[in-house]
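> What follows is start_15.txt, made up of compact mmCIF, C-alpha atoms:
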```
# COMPACT_ATOMS: atom_id res chain seq x y z
CA MET E 1 55.04 89.25 111.85
CA GLU E 2 54.85 92.99 111.63
CA SER E 3 57.03 93.20 108.52
CA ARG E 4 54.99 90.43 106.89
CA ALA E 5 51.84 92.45 107.52
CA ALA E 6 53.51 95.60 106.19
CA ALA E 7 54.68 93.75 103.08
CA ALA E 8 51.21 92.40 102.47
CA GLU E 9 49.76 95.89 102.87
CA GLU E 10 52.13 97.31 100.28
CA GLY E 11 51.03 94.55 97.93
CA ILE E 12 54.47 92.85 97.94
CA PRO E 13 54.14 89.07 97.94
CA VAL E 14 55.39 87.73 101.28
CA GLU E 15 57.89 85.39 99.58
CA ALA E 16 59.47 88.19 97.57
CA SER E 17 59.70 90.36 100.64
CA ARG E 18 61.43 87.63 102.65
CA SER E 19 63.84 87.04 99.81
CA THR E 20 64.57 90.77 99.63
CA ARG E 21 65.27 90.88 103.33
CA LYS E 22 67.61 87.89 103.07
CA ARG E 23 69.38 89.53 100.19
CA GLN E 24 69.76 92.71 102.18
CA GLY E 25 71.09 90.76 105.15
CA ILE E 26 73.68 89.04 102.95
CA ILE E 27 74.76 92.34 101.45
CA GLU E 28 75.26 93.86 104.90
CA ALA E 29 77.18 90.83 106.19
CA ALA E 30 79.33 90.68 103.07
CA THR E 31 80.09 94.41 103.19
CA ALA E 32 81.27 94.14 106.80
CA THR E 33 83.38 91.04 106.07
CA PHE E 34 85.01 92.31 102.88
CA LEU E 35 85.82 95.65 104.47
CA ARG E 36 87.48 93.92 107.42
CA SER E 37 89.27 91.02 105.72
CA GLY E 38 89.69 91.99 102.06
CA TYR E 39 88.65 89.89 99.08
CA LEU E 40 90.96 86.88 99.46
CA GLY E 41 90.59 86.92 103.25
CA THR E 42 86.78 86.56 103.06
CA SER E 43 84.92 83.27 102.63
CA MET E 44 81.31 82.68 101.59
CA ASP E 45 80.97 80.52 104.76
CA GLU E 46 81.80 83.50 106.94
CA ILE E 47 79.30 85.70 105.13
CA ALA E 48 76.54 83.09 105.41
CA ALA E 49 77.21 82.65 109.14
CA LEU E 50 77.17 86.40 109.80
CA ALA E 51 73.97 86.84 107.76
CA GLY E 52 72.36 83.88 109.54
CA VAL E 53 71.49 82.08 106.29
CA SER E 54 72.74 78.91 104.64
CA LYS E 55 75.60 78.94 102.19
CA GLN E 56 73.21 77.72 99.49
CA THR E 57 71.08 80.83 100.03
CA VAL E 58 74.11 83.05 99.51
CA TYR E 59 74.98 81.23 96.27
CA LYS E 60 71.33 81.32 95.13
CA GLN E 61 71.27 85.11 95.48
CA PHE E 62 74.80 85.79 94.20
CA ALA E 63 76.36 83.32 91.81
CA ASP E 64 79.83 83.54 93.36
CA LYS E 65 82.10 85.59 95.59
CA GLU E 66 83.21 87.80 92.72
CA ARG E 67 79.61 88.66 91.80
CA LEU E 68 78.80 89.49 95.42
CA PHE E 69 81.89 91.69 95.77
CA THR E 70 81.05 93.55 92.55
CA GLU E 71 77.46 94.13 93.62
CA ILE E 72 78.54 95.57 96.96
CA VAL E 73 81.15 97.87 95.51
CA LEU E 74 79.02 99.30 92.72
CA GLY E 75 75.90 99.50 94.90
CA THR E 76 77.79 101.57 97.47
CA ILE E 77 79.15 103.90 94.81
CA ASP E 78 75.67 104.49 93.42
CA ASN E 79 74.12 105.10 96.83
CA VAL E 80 76.80 107.53 97.89
CA GLY E 81 77.17 109.26 94.56
CA GLU E 82 73.59 109.99 93.53
CA PRO E 83 72.80 112.90 95.90
CA PHE E 84 76.20 114.45 95.20
CA PHE E 85 75.79 114.29 91.42
CA GLY E 86 72.44 116.08 91.77
CA GLY E 87 74.21 118.91 93.59
CA ILE E 88 76.74 119.33 90.78
CA ASP E 89 74.06 119.69 88.14
CA THR E 90 72.85 123.07 89.42
CA LEU E 91 76.31 124.69 89.24
CA GLY E 92 75.82 125.96 85.69
CA SER E 93 72.96 128.26 86.73
CA SER E 94 74.79 129.57 89.81
CA GLU E 95 74.27 133.21 90.79
CA ASP E 96 77.09 133.08 93.37
CA LEU E 97 79.80 130.85 91.92
CA GLU E 98 82.26 130.99 94.80
CA THR E 99 79.62 129.96 97.33
CA ASP E 100 78.27 127.20 95.13
CA LEU E 101 81.72 125.84 94.33
CA ARG E 102 82.50 125.78 98.04
CA ARG E 103 79.32 123.81 98.66
CA VAL E 104 80.22 121.24 95.98
CA ALA E 105 83.83 121.06 97.18
CA GLY E 106 82.68 120.55 100.77
CA GLN E 107 80.29 117.74 99.75
CA LEU E 108 82.94 116.09 97.61
CA ILE E 109 85.57 116.02 100.34
CA THR E 110 83.06 114.81 102.94
CA ILE E 111 81.83 111.94 100.79
CA VAL E 112 85.25 110.83 99.66
CA THR E 113 86.69 110.77 103.20
CA ASP E 114 83.88 108.57 104.53
CA PRO E 115 85.79 105.72 106.25
CA GLN E 116 83.70 102.94 104.67
CA LEU E 117 84.05 104.37 101.18
CA LEU E 118 87.80 104.84 101.70
CA GLN E 119 88.20 101.20 102.68
CA LEU E 120 86.15 100.07 99.68
CA ARG E 121 88.32 102.20 97.45
CA ARG E 122 91.46 100.64 98.93
CA LEU E 123 90.07 97.15 98.28
CA VAL E 124 89.13 97.88 94.68
CA ILE E 125 92.55 99.40 93.99
CA GLY E 126 94.29 96.47 95.66
CA GLU E 127 92.28 94.01 93.54
CA ALA E 128 92.45 95.95 90.26
CA GLY E 129 94.87 93.33 88.88
CA ARG E 130 92.54 90.43 89.68
CA PHE E 131 89.33 92.27 88.71
CA PRO E 132 90.12 94.77 85.96
CA GLU E 133 86.46 95.06 85.00
CA LEU E 134 85.46 96.03 88.53
CA GLY E 135 88.24 98.63 88.71
CA ARG E 136 87.06 100.20 85.48
CA SER E 137 83.41 100.16 86.55
CA TYR E 138 84.30 101.75 89.88
CA TYR E 139 86.16 104.52 88.11
CA GLU E 140 83.40 105.12 85.58
CA ARG E 141 80.52 105.15 88.05
CA GLY E 142 82.36 107.14 90.71
CA PRO E 143 85.23 109.53 89.92
CA GLY E 144 84.59 109.37 86.17
CA ARG E 145 80.93 110.29 86.45
CA SER E 146 81.70 113.08 88.87
CA ALA E 147 84.27 114.51 86.43
CA GLU E 148 81.84 114.28 83.49
CA ARG E 149 79.14 116.15 85.37
CA LEU E 150 81.54 118.81 86.59
CA ALA E 151 82.94 119.24 83.08
CA SER E 152 79.54 119.85 81.54
CA GLN E 153 78.63 122.43 84.20
CA PHE E 154 82.01 124.17 83.82
CA GLN E 155 81.34 124.36 80.09
CA VAL E 156 78.04 126.15 80.81
CA LEU E 157 79.83 128.51 83.20
CA ALA E 158 82.44 129.24 80.54
CA GLU E 159 79.70 130.11 78.05
CA ARG E 160 78.29 132.51 80.64
CA GLY E 161 81.74 134.11 80.94
CA LEU E 162 82.18 133.03 84.56
CA LEU E 163 85.10 130.67 83.85
CA GLN E 164 87.88 130.76 81.29
CA LEU E 165 88.89 127.35 80.00
CA ASP E 166 89.79 125.36 76.88
CA ASP E 167 89.35 121.80 78.08
CA PRO E 168 86.39 121.29 80.44
CA GLN E 169 87.44 117.68 81.23
CA LEU E 170 90.86 118.74 82.42
CA THR E 171 89.39 121.70 84.30
CA ALA E 172 87.04 119.30 86.10
CA GLN E 173 89.96 117.08 87.10
CA HIS E 174 91.92 120.07 88.33
CA PHE E 175 88.97 121.15 90.47
CA ASN E 176 88.53 117.61 91.79
CA TRP E 177 92.19 117.20 92.75
CA LEU E 178 92.66 120.66 94.19
CA VAL E 179 89.87 119.66 96.56
CA LEU E 180 90.88 116.08 97.34
CA SER E 181 94.65 116.34 97.23
CA ILE E 182 95.79 115.86 100.79
CA PRO E 183 93.01 113.90 102.45
CA LEU E 184 92.40 111.30 99.77
CA ASN E 185 95.98 110.38 99.02
CA GLN E 186 97.05 110.34 102.64
CA ALA E 187 93.99 108.34 103.63
CA MET E 188 94.71 105.72 100.97
CA PHE E 189 97.88 104.76 102.85
CA SER E 190 96.64 105.22 106.43
CA VAL E 191 93.53 103.50 107.68
CA ASP E 192 93.37 105.38 110.97
CA LEU E 193 93.48 109.00 109.82
CA ASP E 194 90.77 111.12 111.29
CA PHE E 195 90.14 114.44 109.56
CA ARG E 196 88.41 117.17 111.52
CA PRO E 197 85.51 118.82 109.65
CA ALA E 198 87.19 122.25 110.02
CA GLU E 199 90.30 120.89 108.33
CA LEU E 200 88.28 119.46 105.44
CA ASP E 201 86.44 122.78 105.07
CA ARG E 202 89.75 124.60 104.84
CA TYR E 203 90.98 122.26 102.08
CA ALA E 204 87.72 122.74 100.20
CA ASP E 205 87.75 126.53 100.50
CA GLU E 206 91.44 126.87 99.57
CA ALA E 207 90.84 124.65 96.54
CA VAL E 208 88.02 126.92 95.38
CA ARG E 209 90.16 130.02 95.93
CA ILE E 210 93.01 128.62 93.82
CA PHE E 211 90.62 127.27 91.21
CA LEU E 212 88.96 130.66 90.74
CA ALA E 213 92.32 132.48 90.75
CA ALA E 214 93.36 130.32 87.79
CA TYR E 215 90.11 129.73 85.95
CA GLY E 216 87.95 132.66 87.06
CA GLY E 217 86.44 134.74 84.26
CA SER E 218 87.76 138.04 85.54
CA ARG E 219 91.50 137.30 85.37
CA MET D 1 134.55 82.10 89.17
CA GLU D 2 134.82 85.48 87.58
CA SER D 3 132.56 87.14 90.09
CA ARG D 4 134.44 85.41 92.93
CA ALA D 5 137.64 86.86 91.57
CA ALA D 6 136.03 90.28 91.19
CA ALA D 7 134.70 90.14 94.72
CA ALA D 8 138.10 89.14 96.06
CA GLU D 9 139.71 91.97 94.10
CA GLU D 10 137.34 94.53 95.63
CA GLY D 11 138.23 93.14 99.01
CA ILE D 12 134.73 91.77 99.66
CA PRO D 13 134.87 88.41 101.41
CA VAL D 14 133.64 85.72 99.01
CA GLU D 15 131.02 84.52 101.49
CA ALA D 16 129.52 87.99 101.92
CA SER D 17 129.43 88.51 98.18
CA ARG D 18 127.63 85.23 97.56
CA SER D 19 125.18 86.10 100.30
CA THR D 20 124.59 89.53 98.73
CA ARG D 21 123.89 87.94 95.36
CA LYS D 22 121.45 85.49 96.91
CA ARG D 23 119.73 88.32 98.71
CA GLN D 24 119.44 90.27 95.47
CA GLY D 25 118.04 87.19 93.70
CA ILE D 26 115.43 86.75 96.40
CA ILE D 27 114.44 90.41 96.21
CA GLU D 28 113.98 90.19 92.44
CA ALA D 29 111.97 86.96 92.65
CA ALA D 30 109.84 88.35 95.45
CA THR D 31 109.18 91.61 93.63
CA ALA D 32 107.97 89.75 90.53
CA THR D 33 105.77 87.40 92.57
CA PHE D 34 104.20 90.03 94.82
CA LEU D 35 103.49 92.30 91.85
CA ARG D 36 101.77 89.47 90.01
CA SER D 37 99.89 87.72 92.81
CA GLY D 38 99.51 90.27 95.61
CA TYR D 39 100.47 89.73 99.24
CA LEU D 40 98.10 86.96 100.26
CA GLY D 41 98.46 85.23 96.89
CA THR D 42 102.25 84.90 97.26
CA SER D 43 104.00 82.11 99.18
CA MET D 44 107.58 81.95 100.42
CA ASP D 45 107.86 78.57 98.60
CA GLU D 46 107.12 80.26 95.29
CA ILE D 47 109.70 82.96 95.93
CA ALA D 48 112.36 80.42 96.91
CA ALA D 49 111.68 78.35 93.78
CA LEU D 50 111.83 81.37 91.48
CA ALA D 51 115.04 82.60 93.12
CA GLY D 52 116.57 79.11 92.92
CA VAL D 53 117.37 78.96 96.64
CA SER D 54 116.03 76.95 99.55
CA LYS D 55 113.17 78.19 101.66
CA GLN D 56 115.52 78.26 104.67
CA THR D 57 117.75 80.70 102.80
CA VAL D 58 114.80 83.01 102.21
CA TYR D 59 113.88 82.90 105.90
CA LYS D 60 117.51 83.39 106.92
CA GLN D 61 117.71 86.59 104.86
CA PHE D 62 114.23 87.91 105.64
CA ALA D 63 112.57 86.85 108.87
CA ASP D 64 109.12 86.44 107.35
CA LYS D 65 106.90 87.34 104.40
CA GLU D 66 105.87 90.63 105.92
CA ARG D 67 109.51 91.71 106.40
CA LEU D 68 110.33 90.76 102.81
CA PHE D 69 107.31 92.64 101.46
CA THR D 70 108.20 95.75 103.47
CA GLU D 71 111.80 95.66 102.30
CA ILE D 72 110.77 95.45 98.64
CA VAL D 73 108.23 98.23 98.85
CA LEU D 74 110.41 100.71 100.69
CA GLY D 75 113.51 99.81 98.67
CA THR D 76 111.69 100.51 95.42
CA ILE D 77 110.39 103.84 96.71
CA ASP D 78 113.90 104.91 97.71
CA ASN D 79 115.45 103.83 94.40
CA VAL D 80 112.84 105.59 92.32
CA GLY D 81 112.53 108.65 94.49
CA GLU D 82 116.14 109.68 95.09
CA PRO D 83 117.00 111.15 91.66
CA PHE D 84 113.64 112.93 91.54
CA PHE D 85 114.08 114.52 94.97
CA GLY D 86 117.45 115.84 93.86
CA GLY D 87 115.75 117.58 90.93
CA ILE D 88 113.28 119.31 93.22
CA ASP D 89 115.99 120.77 95.41
CA THR D 90 117.27 123.16 92.75
CA LEU D 91 113.86 124.77 92.15
CA GLY D 92 114.41 127.51 94.71
CA SER D 93 117.32 129.00 92.77
CA SER D 94 115.51 128.81 89.42
CA GLU D 95 116.13 131.58 86.89
CA ASP D 96 113.28 130.38 84.63
CA LEU D 97 110.54 129.14 86.92
CA GLU D 98 108.05 128.02 84.28
CA THR D 99 110.65 125.86 82.52
CA ASP D 100 111.94 124.38 85.75
CA LEU D 101 108.46 123.63 87.07
CA ARG D 102 107.66 121.91 83.78
CA ARG D 103 110.77 119.78 84.18
CA VAL D 104 109.82 118.75 87.71
CA ALA D 105 106.19 118.15 86.70
CA GLY D 106 107.29 116.00 83.76
CA GLN D 107 109.61 113.92 85.95
CA LEU D 108 106.93 113.51 88.59
CA ILE D 109 104.29 112.27 86.18
CA THR D 110 106.75 109.94 84.44
CA ILE D 111 107.92 108.33 87.67
CA VAL D 112 104.47 107.96 89.16
CA THR D 113 102.99 106.34 86.04
CA ASP D 114 105.74 103.71 85.88
CA PRO D 115 103.75 100.42 85.66
CA GLN D 116 105.77 98.64 88.35
CA LEU D 117 105.48 101.51 90.79
CA LEU D 118 101.74 101.80 90.07
CA GLN D 119 101.24 98.13 90.88
CA LEU D 120 103.27 98.43 94.08
CA ARG D 121 101.17 101.43 95.07
CA ARG D 122 97.98 99.44 94.46
CA LEU D 123 99.28 96.60 96.64
CA VAL D 124 100.26 98.87 99.51
CA ILE D 125 96.88 100.64 99.39
CA GLY D 126 95.04 97.32 99.23
CA GLU D 127 96.99 96.04 102.26
CA ALA D 128 96.91 99.27 104.29
CA GLY D 129 94.43 97.66 106.68
CA ARG D 130 96.67 94.63 107.31
CA PHE D 131 99.93 96.63 107.37
CA PRO D 132 99.20 100.13 108.66
CA GLU D 133 102.88 100.72 109.42
CA LEU D 134 103.90 99.93 105.84
CA GLY D 135 101.20 102.23 104.46
CA ARG D 136 102.43 105.06 106.63
CA SER D 137 106.08 104.44 105.72
CA TYR D 138 105.23 104.35 102.02
CA TYR D 139 103.45 107.67 102.31
CA GLU D 140 106.22 109.28 104.32
CA ARG D 141 109.09 108.10 102.12
CA GLY D 142 107.31 108.71 98.82
CA PRO D 143 104.50 111.26 98.41
CA GLY D 144 105.15 112.82 101.83
CA ARG D 145 108.85 113.41 101.20
CA SER D 146 108.14 114.80 97.75
CA ALA D 147 105.63 117.24 99.25
CA GLU D 148 108.08 118.32 101.98
CA ARG D 149 110.83 119.03 99.47
CA LEU D 150 108.48 120.93 97.15
CA ALA D 151 107.11 122.94 100.06
CA SER D 152 110.55 124.09 101.19
CA GLN D 153 111.52 125.14 97.64
CA PHE D 154 108.20 126.95 97.16
CA GLN D 155 108.89 128.81 100.39
CA VAL D 156 112.23 129.98 98.97
CA LEU D 157 110.52 131.05 95.74
CA ALA D 158 107.92 132.97 97.74
CA GLU D 159 110.71 134.79 99.59
CA ARG D 160 112.17 135.72 96.20
CA GLY D 161 108.75 137.10 95.18
CA LEU D 162 108.27 134.51 92.45
CA LEU D 163 105.31 132.80 94.13
CA GLN D 164 102.53 134.14 96.36
CA LEU D 165 101.45 131.74 99.04
CA ASP D 166 100.52 131.43 102.72
CA ASP D 167 100.85 127.70 103.29
CA PRO D 168 103.77 126.07 101.46
CA GLN D 169 102.61 122.56 102.38
CA LEU D 170 99.20 123.05 100.82
CA THR D 171 100.75 124.77 97.82
CA ALA D 172 103.02 121.75 97.33
CA GLN D 173 100.04 119.41 97.43
CA HIS D 174 98.15 121.57 94.95
CA PHE D 175 101.11 121.43 92.58
CA ASN D 176 101.43 117.68 93.02
CA TRP D 177 97.78 116.99 92.34
CA LEU D 178 97.37 119.43 89.48
CA VAL D 179 100.11 117.36 87.83
CA LEU D 180 98.98 113.87 88.77
CA SER D 181 95.22 114.28 88.72
CA ILE D 182 94.06 112.25 85.75
CA PRO D 183 96.77 109.66 85.21
CA LEU D 184 97.32 108.55 88.78
CA ASN D 185 93.73 108.17 89.84
CA GLN D 186 92.62 106.51 86.64
CA ALA D 187 95.63 104.21 86.70
CA MET D 188 94.87 103.12 90.25
CA PHE D 189 91.66 101.49 89.00
CA SER D 190 92.87 100.22 85.63
CA VAL D 191 95.92 98.02 85.31
CA ASP D 192 96.09 98.18 81.54
CA LEU D 193 96.13 101.93 80.90
CA ASP D 194 98.90 103.06 78.64
CA PHE D 195 99.64 106.78 78.69
CA ARG D 196 101.42 108.26 75.70
CA PRO D 197 104.36 110.52 76.62
CA ALA D 198 102.77 113.43 74.71
CA GLU D 199 99.64 113.08 76.81
CA LEU D 200 101.65 113.09 80.04
CA ASP D 201 103.56 116.15 78.87
CA ARG D 202 100.33 117.96 78.22
CA TYR D 203 99.05 117.19 81.73
CA ALA D 204 102.34 118.37 83.22
CA ASP D 205 102.39 121.61 81.21
CA GLU D 206 98.73 122.44 81.85
CA ALA D 207 99.29 121.83 85.55
CA VAL D 208 102.17 124.31 85.58
CA ARG D 209 100.12 126.88 83.65
CA ILE D 210 97.26 126.68 86.15
CA PHE D 211 99.63 126.59 89.10
CA LEU D 212 101.38 129.78 87.98
CA ALA D 213 98.07 131.48 87.12
CA ALA D 214 96.97 130.93 90.72
CA TYR D 215 100.24 131.16 92.65
CA GLY D 216 102.47 133.18 90.33
CA GLY D 217 104.05 136.28 91.85
CA SER D 218 102.79 138.66 89.19
CA ARG D 219 99.05 138.17 89.59
```
Transcribe the structure of this file into structure tokens.


Amino acid sequence: MESRAAAAEEGIPVEASRSTRKRQGIIEAATATFLRSGYLGTSMDEIAALAGVSKQTVYKQFADKERLFTEIVLGTIDNVGEPFFGGIDTLGSSEDLETDLRRVAGQLITIVTDPQLLQLRRLVIGEAGRFPELGRSYYERGPGRSAERLASQFQVLAERGLLQLDDPQLTAQHFNWLVLSIPLNQAMFSVDLDFRPAELDRYADEAVRIFLAAYGGSR
Amino acid sequence: MESRAAAAEEGIPVEASRSTRKRQGIIEAATATFLRSGYLGTSMDEIAALAGVSKQTVYKQFADKERLFTEIVLGTIDNVGEPFFGGIDTLGSSEDLETDLRRVAGQLITIVTDPQLLQLRRLVIGEAGRFPELGRSYYERGPGRSAERLASQFQVLAERGLLQLDDPQLTAQHFNWLVLSIPLNQAMFSVDLDFRPAELDRYADEAVRIFLAAYGGSR
């Protein structure tokens, strides 16, 4: 009753609000089920039961299992990525490049080693043959977007004489992979790895040190 | 009859030889089927039919689907990896480090972007939740072993004053990921990427340039 009252107060029609809540419940149930059982191992029946709605409701909201899977994967990427992308965009105007690169590297490694995001990434990679469009979208909205944003900021830094580079895209990928190297690849193959924050910080800081040794303006 | 004769000539009992051929046929059929349909999408019936043997024969050779999958994955890793690992092991005595690093980088990127190996890697990652042991073994026998071998050669090069480093393991990972950055990650999400050899060469060479700028002994 309380949420109905709140919805009415915010001027949201009660029906729409209930539908939104159902949708949200389905998304949460589907995320949990896909992450645990994979795409082929998950049924719409299971999702409906976990969400406490009928199977028809699931199909009304999401045309089929593929659509639901896609929505979950891309929604998660957007949610996780947005704050991080904002942090990249201030790099170009940095007054203390090493500190700011360490901040971005630390955020990047923390986001990418999030257990739920790692498992989603494993699923998308495992299903890239069945769902090529989803694989491409994941890449574009996640790692691809991150690389684009980094590249454009590195270009600005090069114009300011703080970096020396010919190919900002490649420089962005080098930065990205100096940071992610060990944790991401190892985590792809091992579901039960547990990185300590101090270890992740060390990877991030060492990546920045090597990056600046190679690309720094003063070499 | 010819192969029977050949087997007899080599002193291999005819029965063992026939069994070896059957085993090889099953491995080839299973590899093709797993690569196309994934783990859950593959049945032992399908494999038996494609190999032209009975289902009992498949089960006699490989106790179950999981055992067969494991055998294929680890066998492929070993076959692909062995010649490459040999090439790493001469790095320490290099008289022209840039050239030799370019050779290793070029081999690494060529092996890792092999379409069949990429698809196997996707499958293992996608199934890491179901088969944690296989994921770990894949990592250890493939990327992990490569990193170990690189690290020990980089240590030798550091002792010769040709590289400056504190942590050979991390240095090895940095080398690995400077080389593989773009192609491997992008290929994980897109099954139909087709890298031109010239493009791969450029990635390999740029990786070596950046690696030596950061870790080279003369900085």

> Closest to chain D among E:Val58, E:Val191, E:Ala151, E:Ala30, using only C-alpha atoms?

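Nearest to chain D: E:Val191.
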
> Per residue of chain E within 9 Å of chain D, what are the shortest atom pair and its distance in Å to one decimal, counting all atoms listed in the file, with rows by chain and residue number, as a Markdown table?


```
| residue | atom | partner | partner_atom | distance |
| --- | --- | --- | --- | --- |
| E:Arg36 | CA | D:Gly129 | CA | 7.9 |
| E:Ser37 | CA | D:Arg130 | CA | 8.4 |
| E:Gly38 | CA | D:Gly126 | CA | 8.1 |
| E:Leu40 | CA | D:Leu40 | CA | 7.2 |
| E:Gly41 | CA | D:Leu40 | CA | 8.1 |
| E:Gln119 | CA | D:Gly129 | CA | 8.2 |
| E:Arg121 | CA | D:Gly126 | CA | 8.5 |
| E:Arg122 | CA | D:Gly126 | CA | 4.9 |
| E:Leu123 | CA | D:Gly126 | CA | 5.1 |
| E:Val124 | CA | D:Phe189 | CA | 7.2 |
| E:Ile125 | CA | D:Arg122 | CA | 5.5 |
| E:Gly126 | CA | D:Gly126 | CA | 3.7 |
| E:Glu127 | CA | D:Gly126 | CA | 7.1 |
| E:Ala128 | CA | D:Phe189 | CA | 5.7 |
| E:Gly129 | CA | D:Val191 | CA | 6.0 |
| E:Arg130 | CA | D:Ser37 | CA | 8.4 |
| E:Pro132 | CA | D:Ser190 | CA | 6.1 |
| E:Glu133 | CA | D:Ser190 | CA | 8.3 |
| E:Leu134 | CA | D:Phe189 | CA | 8.3 |
| E:Gly135 | CA | D:Phe189 | CA | 4.5 |
| E:Arg136 | CA | D:Ser190 | CA | 5.8 |
| E:Ser137 | CA | D:Phe189 | CA | 8.7 |
| E:Tyr138 | CA | D:Phe189 | CA | 7.4 |
| E:Tyr139 | CA | D:Phe189 | CA | 6.3 |
| E:Pro143 | CA | D:Asn185 | CA | 8.6 |
| E:Gly144 | CA | D:Gln186 | CA | 8.5 |
| E:Leu170 | CA | D:Ile182 | CA | 8.0 |
| E:Gln173 | CA | D:Ser181 | CA | 6.2 |
| E:His174 | CA | D:Leu178 | CA | 5.6 |
| E:Phe175 | CA | D:Leu178 | CA | 8.6 |
| E:Asn176 | CA | D:Ser181 | CA | 8.1 |
| E:Trp177 | CA | D:Trp177 | CA | 5.6 |
| E:Leu178 | CA | D:His174 | CA | 5.6 |
| E:Val179 | CA | D:His174 | CA | 8.6 |
| E:Leu180 | CA | D:Trp177 | CA | 8.6 |
| E:Ser181 | CA | D:Trp177 | CA | 5.8 |
| E:Ile182 | CA | D:Gln173 | CA | 6.5 |
| E:Asn185 | CA | D:Pro143 | CA | 8.6 |
| E:Gln186 | CA | D:Tyr139 | CA | 6.9 |
| E:Met188 | CA | D:Ile125 | CA | 5.7 |
| E:Phe189 | CA | D:Gly135 | CA | 4.5 |
| E:Ser190 | CA | D:Arg136 | CA | 5.8 |
| E:Val191 | CA | D:Gly129 | CA | 6.0 |
| E:Asp192 | CA | D:Pro132 | CA | 8.2 |
| E:Tyr203 | CA | D:Leu170 | CA | 8.4 |
| E:Glu206 | CA | D:Leu170 | CA | 8.7 |
| E:Ala207 | CA | D:His174 | CA | 8.1 |
| E:Arg209 | CA | D:Ala214 | CA | 8.6 |
| E:Ile210 | CA | D:Ala214 | CA | 5.5 |
| E:Phe211 | CA | D:Ala214 | CA | 7.3 |
| E:Leu212 | CA | D:Ala214 | CA | 8.0 |
| E:Ala213 | CA | D:Ala214 | CA | 4.9 |
| E:Ala214 | CA | D:Ala214 | CA | 4.7 |
| E:Tyr215 | CA | D:Ile210 | CA | 7.8 |
| E:Arg219 | CA | D:Arg219 | CA | 8.7 |
```

> To one decimal in Å, tell me the separation between CA of Val104 in chain E and CA of Phe154 in chain E.

12.6 Å

> Taking all atoms listed in the file into account, which of D:Leu200, D:Leu68, D:Leu50, D:Leu165 comes nearest Ile111 in chain D?

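Ranking D:Leu200, D:Leu68, D:Leu50, D:Leu165 by distance to Ile111 in chain D, first place goes to D:Leu200.
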
> Could you tell me which of E:Arg160, E:Lys55, E:Arg145, E:Lys22 comes closest to Ile77 in chain E if we count all atoms listed in the file?

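Checking each candidate against Ile77 in chain E, we get E:Arg145 as the closest.
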
> Just the number, please: distance in Å from CA of Val208 in chain D to CA of Gln107 in chain D, one decimal.

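So the answer is 12.8 Å.
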
> As an exercise, work out the distance from CA of Leu117 in chain E to CA of Ala51 in chain E in Å and give it to one decimal place.

21.3 Å

> Go through D:Ala147, D:Ala105, D:Leu163, D:Val112 and flag the residue nearest Phe195 in chain D, using only C-alpha atoms for the distances.

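The closest residue to Phe195 in chain D is D:Val112.
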
> Using only C-alpha atoms, which protein or nucleic acid residues come within 10 Å of Arg23 in chain E? Drop anything in the same chain fewer than 2 positions from it, and give the result as a PDB file with C-alpha atoms, in the frame of the given file.


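Written file, around-v4.pdb:
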```pdb
ATOM      1  CA  SER E  17      59.700  90.360 100.640  1.00  0.00           C
ATOM      2  CA  ARG E  18      61.430  87.630 102.650  1.00  0.00           C
ATOM      3  CA  SER E  19      63.840  87.040  99.810  1.00  0.00           C
ATOM      4  CA  THR E  20      64.570  90.770  99.630  1.00  0.00           C
ATOM      5  CA  ARG E  21      65.270  90.880 103.330  1.00  0.00           C
ATOM      6  CA  GLY E  25      71.090  90.760 105.150  1.00  0.00           C
ATOM      7  CA  ILE E  26      73.680  89.040 102.950  1.00  0.00           C
ATOM      8  CA  ILE E  27      74.760  92.340 101.450  1.00  0.00           C
ATOM      9  CA  GLU E  28      75.260  93.860 104.900  1.00  0.00           C
ATOM     10  CA  ALA E  29      77.180  90.830 106.190  1.00  0.00           C
ATOM     11  CA  ALA E  51      73.970  86.840 107.760  1.00  0.00           C
ATOM     12  CA  VAL E  53      71.490  82.080 106.290  1.00  0.00           C
ATOM     13  CA  THR E  57      71.080  80.830 100.030  1.00  0.00           C
ATOM     14  CA  VAL E  58      74.110  83.050  99.510  1.00  0.00           C
ATOM     15  CA  LYS E  60      71.330  81.320  95.130  1.00  0.00           C
ATOM     16  CA  GLN E  61      71.270  85.110  95.480  1.00  0.00           C
ATOM     17  CA  PHE E  62      74.800  85.790  94.200  1.00  0.00           C
TER      18      PHE E  62
END
```

> Could you tell me which of E:Pro197, E:Pro168, E:Gly75, E:Gly81 comes closest to Leu108 in chain E if we count only C-alpha atoms?

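Closest to Leu108 in chain E, using only C-alpha atoms: E:Gly81.
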
> With only C-alpha atoms as the atoms that count, which of E:Leu184, E:Leu162, E:Leu157, E:Arg102 lies nearest to Ala204 in chain E?

E:Arg102
